[in-house]
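Here is the structure we will look at.
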Amino acid sequence: MPVAADQQPKIFENITSKSVSKSNKRCLYIHIPFCRVRCTFCNFFQNAASRKLVDDYFDALLQEIEIKSQLAWTQSGLFHAVYIGGGTPTDLSPDQVEKLGKAIRTSFPLSTDCEITLEGRTNRFTDEMFDKALEGGFNRFSFGIQSFDTKVRRSAKRLDDREVVLERVAALSARDEAPIIIDLLYGLPYQTLDVFEQDLHDFLNTGAHGVDLYQLVVGGSAPMLNMVEKGRIPAPATTPDKASMYERGVAFMNKHHIKQLSVNHWARDNRERSQYNSLAKTYAEVLPIGCGAGGNIGGYGLMHHRSFDAYMDAMNNGRSTIAMMVKQGPTESINAALKAVLIVV
């Protein structure tokens, strides 16, 4: 049930002022709401990145981290997974990435094997940024490749051609300093079944430690819809065709003895556990931080302001960053158990 706006700050204060059991699973989600380029399939684009916007936001984000880390709820438990999502978190500078990682490690009680993931693009993900991220404590990296095929990538407005992406993923994976995970979409324009199978072979050839396979879902104001309508690109795959692609993907992983962690996630390396995805999508509580971040605590679902200006205004004036709050139903624990069975193989 929705919670009235005037009640949200008080409820949040109440649920976060209480200590909880350390045995409760919990995660931390931090949102970076910037992208230099909007992918044609994306309906979540928020803000075009500029140095000033990013710098101003980063200062506010560190302030929110300090505030939320001091809550009794926060300090009384352990965080088992941290995810920096977006947007494009790697639009931060290398120094900011390092500073963010260190702020997380020093501010929050983390489990000894806490998975700390930095999401981003391989484009402009330099060796300097990789080194700074490792120094900051990040121990897992997830890159949205979507497809290696150049023609498919251009239809989705992805940066860099196939050879450049292959080389970069292979170079990062070869360093073997942290798990390198790639996301692949299936169902993009020009992405036939054969093209998708080549994407799978390309993943294997890069040496990346894990892969996530996600069905393309296009809706809202995504530019791809307009491009298809005007005949600039072919329509995405149909649902039956996407089902065939997923079936091909599962068969490929089985053939190459790649361990399935969930319906979407596979691991070639024992270090890849996909902890955040498994926990956050099932029964763990998630503390949200940043513009557009979402989570759930103490039986309530939370969503922060998606508007950059609204978030910055809230932070600058000491007001709540929550834009929406809902009270979860009495069967939420049962729903979580069912989701865990369905999502985790």
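Chains: A, B, ... in order of the structure tokens. Residues: from 1 per chain. Ligands: from 1, in order shown.
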
Write out as CSV a residue-level contact list of segment 128-166 of chain A versus segment 214-235 of chain A with cut-off 9 Å: for each qualifying residue the closest pair of atoms and the distance in Å to one decimal, counting only C-alpha atoms, rows sorted by chain and residue number upward.
residue,atom,partner,partner_atom,distance
A:Gln146,CA,A:Tyr214,CA,8.7
A:Ser155,CA,A:Ile233,CA,6.9
A:Ala156,CA,A:Met224,CA,7.6

Helix (DSSP H, G or I) residues, from DSSP on the backbone, in segment 19-238 of chain A, as a VMD selection string: chain A and resid 51 to 69 72 to 76 89 to 91 94 to 107 127 to 136 150 to 155 162 to 175 193 to 206 223 to 229

Can you work out which one of A:Pro109, A:Gly136, A:Pro288, A:Gly77 has the shortest atom-to-atom distance to Ser19 of chain A, counting only C-alpha atoms? A:Gly77

Identify, on the basis of only C-alpha atoms, every residue whose closest approach to Ser69 of chain A does not exceed 10 Å; exclude the query and any residue fewer than 2 positions from it along the same chain; express the result as a PDB file with C-alpha atoms, in the first residue's frame.
ATOM      1  CA  GLN A  63      27.184  13.278   2.130  1.00  0.00           C
ATOM      2  CA  GLU A  64      24.282  10.823   1.880  1.00  0.00           C
ATOM      3  CA  ILE A  65      26.639   7.888   2.428  1.00  0.00           C
ATOM      4  CA  GLU A  66      27.872   9.512   5.641  1.00  0.00           C
ATOM      5  CA  ILE A  67      24.316  10.163   6.864  1.00  0.00           C
ATOM      6  CA  LEU A  71      21.836   4.945  11.203  1.00  0.00           C
ATOM      7  CA  ALA A  72      21.327   2.381  13.985  1.00  0.00           C
ATOM      8  CA  TRP A  73      19.817  -0.038  11.448  1.00  0.00           C
ATOM      9  CA  THR A  74      22.900   0.294   9.245  1.00  0.00           C
ATOM     10  CA  GLN A  75      25.508  -0.226  11.914  1.00  0.00           C
ATOM     11  CA  ALA A 103      33.965   5.515   1.616  1.00  0.00           C
ATOM     12  CA  ILE A 104      31.885   2.334   1.394  1.00  0.00           C
ATOM     13  CA  THR A 106      35.133   2.658   5.941  1.00  0.00           C
ATOM     14  CA  SER A 107      31.488   3.647   6.518  1.00  0.00           C
ATOM     15  CA  PHE A 108      29.510   0.399   6.371  1.00  0.00           C
ATOM     16  CA  PRO A 109      29.828  -2.881   8.300  1.00  0.00           C
ATOM     17  CA  LEU A 287      19.532   0.169   1.518  1.00  0.00           C
TER      18      LEU A 287
END

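Residues lying within 10 Å of Leu342 of chain A, counting only C-alpha atoms and ignoring same-chain neighbours fewer than 3 positions away, are Ser262, Val263, Thr282, Ala336, Ala337, Leu338, Lys339 and Val345 of chain A.
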
Got time to write the residues from that selection, N, CA, C and O atoms, as a PDB file, in the first residue's frame?
ATOM      1  N   SER A 262      21.701 -18.675 -11.780  1.00  0.00           N
ATOM      2  CA  SER A 262      20.284 -18.311 -11.745  1.00  0.00           C
ATOM      3  C   SER A 262      19.764 -18.393 -13.172  1.00  0.00           C
ATOM      4  O   SER A 262      20.493 -18.785 -14.091  1.00  0.00           O
ATOM      5  N   VAL A 263      18.522 -17.979 -13.382  1.00  0.00           N
ATOM      6  CA  VAL A 263      17.972 -18.028 -14.730  1.00  0.00           C
ATOM      7  C   VAL A 263      18.700 -17.074 -15.676  1.00  0.00           C
ATOM      8  O   VAL A 263      18.616 -17.219 -16.894  1.00  0.00           O
ATOM      9  N   THR A 282      15.588 -11.539  -4.145  1.00  0.00           N
ATOM     10  CA  THR A 282      14.812 -12.530  -3.395  1.00  0.00           C
ATOM     11  C   THR A 282      14.399 -11.973  -2.032  1.00  0.00           C
ATOM     12  O   THR A 282      13.372 -11.318  -1.925  1.00  0.00           O
ATOM     13  N   ALA A 336       8.960 -13.776  -1.154  1.00  0.00           N
ATOM     14  CA  ALA A 336      10.419 -13.803  -1.270  1.00  0.00           C
ATOM     15  C   ALA A 336      10.924 -15.234  -1.399  1.00  0.00           C
ATOM     16  O   ALA A 336      11.829 -15.517  -2.192  1.00  0.00           O
ATOM     17  N   ALA A 337      10.339 -16.151  -0.625  1.00  0.00           N
ATOM     18  CA  ALA A 337      10.744 -17.560  -0.695  1.00  0.00           C
ATOM     19  C   ALA A 337      10.433 -18.145  -2.067  1.00  0.00           C
ATOM     20  O   ALA A 337      11.241 -18.895  -2.629  1.00  0.00           O
ATOM     21  N   LEU A 338       9.289 -17.784  -2.623  1.00  0.00           N
ATOM     22  CA  LEU A 338       8.913 -18.271  -3.942  1.00  0.00           C
ATOM     23  C   LEU A 338       9.850 -17.720  -5.024  1.00  0.00           C
ATOM     24  O   LEU A 338      10.273 -18.428  -5.932  1.00  0.00           O
ATOM     25  N   LYS A 339      10.169 -16.421  -4.914  1.00  0.00           N
ATOM     26  CA  LYS A 339      11.093 -15.806  -5.864  1.00  0.00           C
ATOM     27  C   LYS A 339      12.457 -16.481  -5.811  1.00  0.00           C
ATOM     28  O   LYS A 339      13.113 -16.686  -6.840  1.00  0.00           O
ATOM     29  N   VAL A 345      18.637 -21.263  -9.443  1.00  0.00           N
ATOM     30  CA  VAL A 345      18.507 -22.639  -9.943  1.00  0.00           C
ATOM     31  C   VAL A 345      18.976 -23.621  -8.875  1.00  0.00           C
ATOM     32  O   VAL A 345      20.015 -23.430  -8.288  1.00  0.00           O
TER      33      VAL A 345
END

Sort by chain and increasing residue number a table of all residues of segment 35-106 of chain A within 12 Å of segment 182-201 of chain A, each with its closest pair of atoms and their distance in Å to one decimal, counting only C-alpha atoms, and write it as CSV.
residue,atom,partner,partner_atom,distance
A:Cys39,CA,A:Leu188,CA,11.7
A:Thr40,CA,A:Leu188,CA,10.2
A:Phe41,CA,A:Leu188,CA,8.5
A:Cys42,CA,A:Leu188,CA,11.9
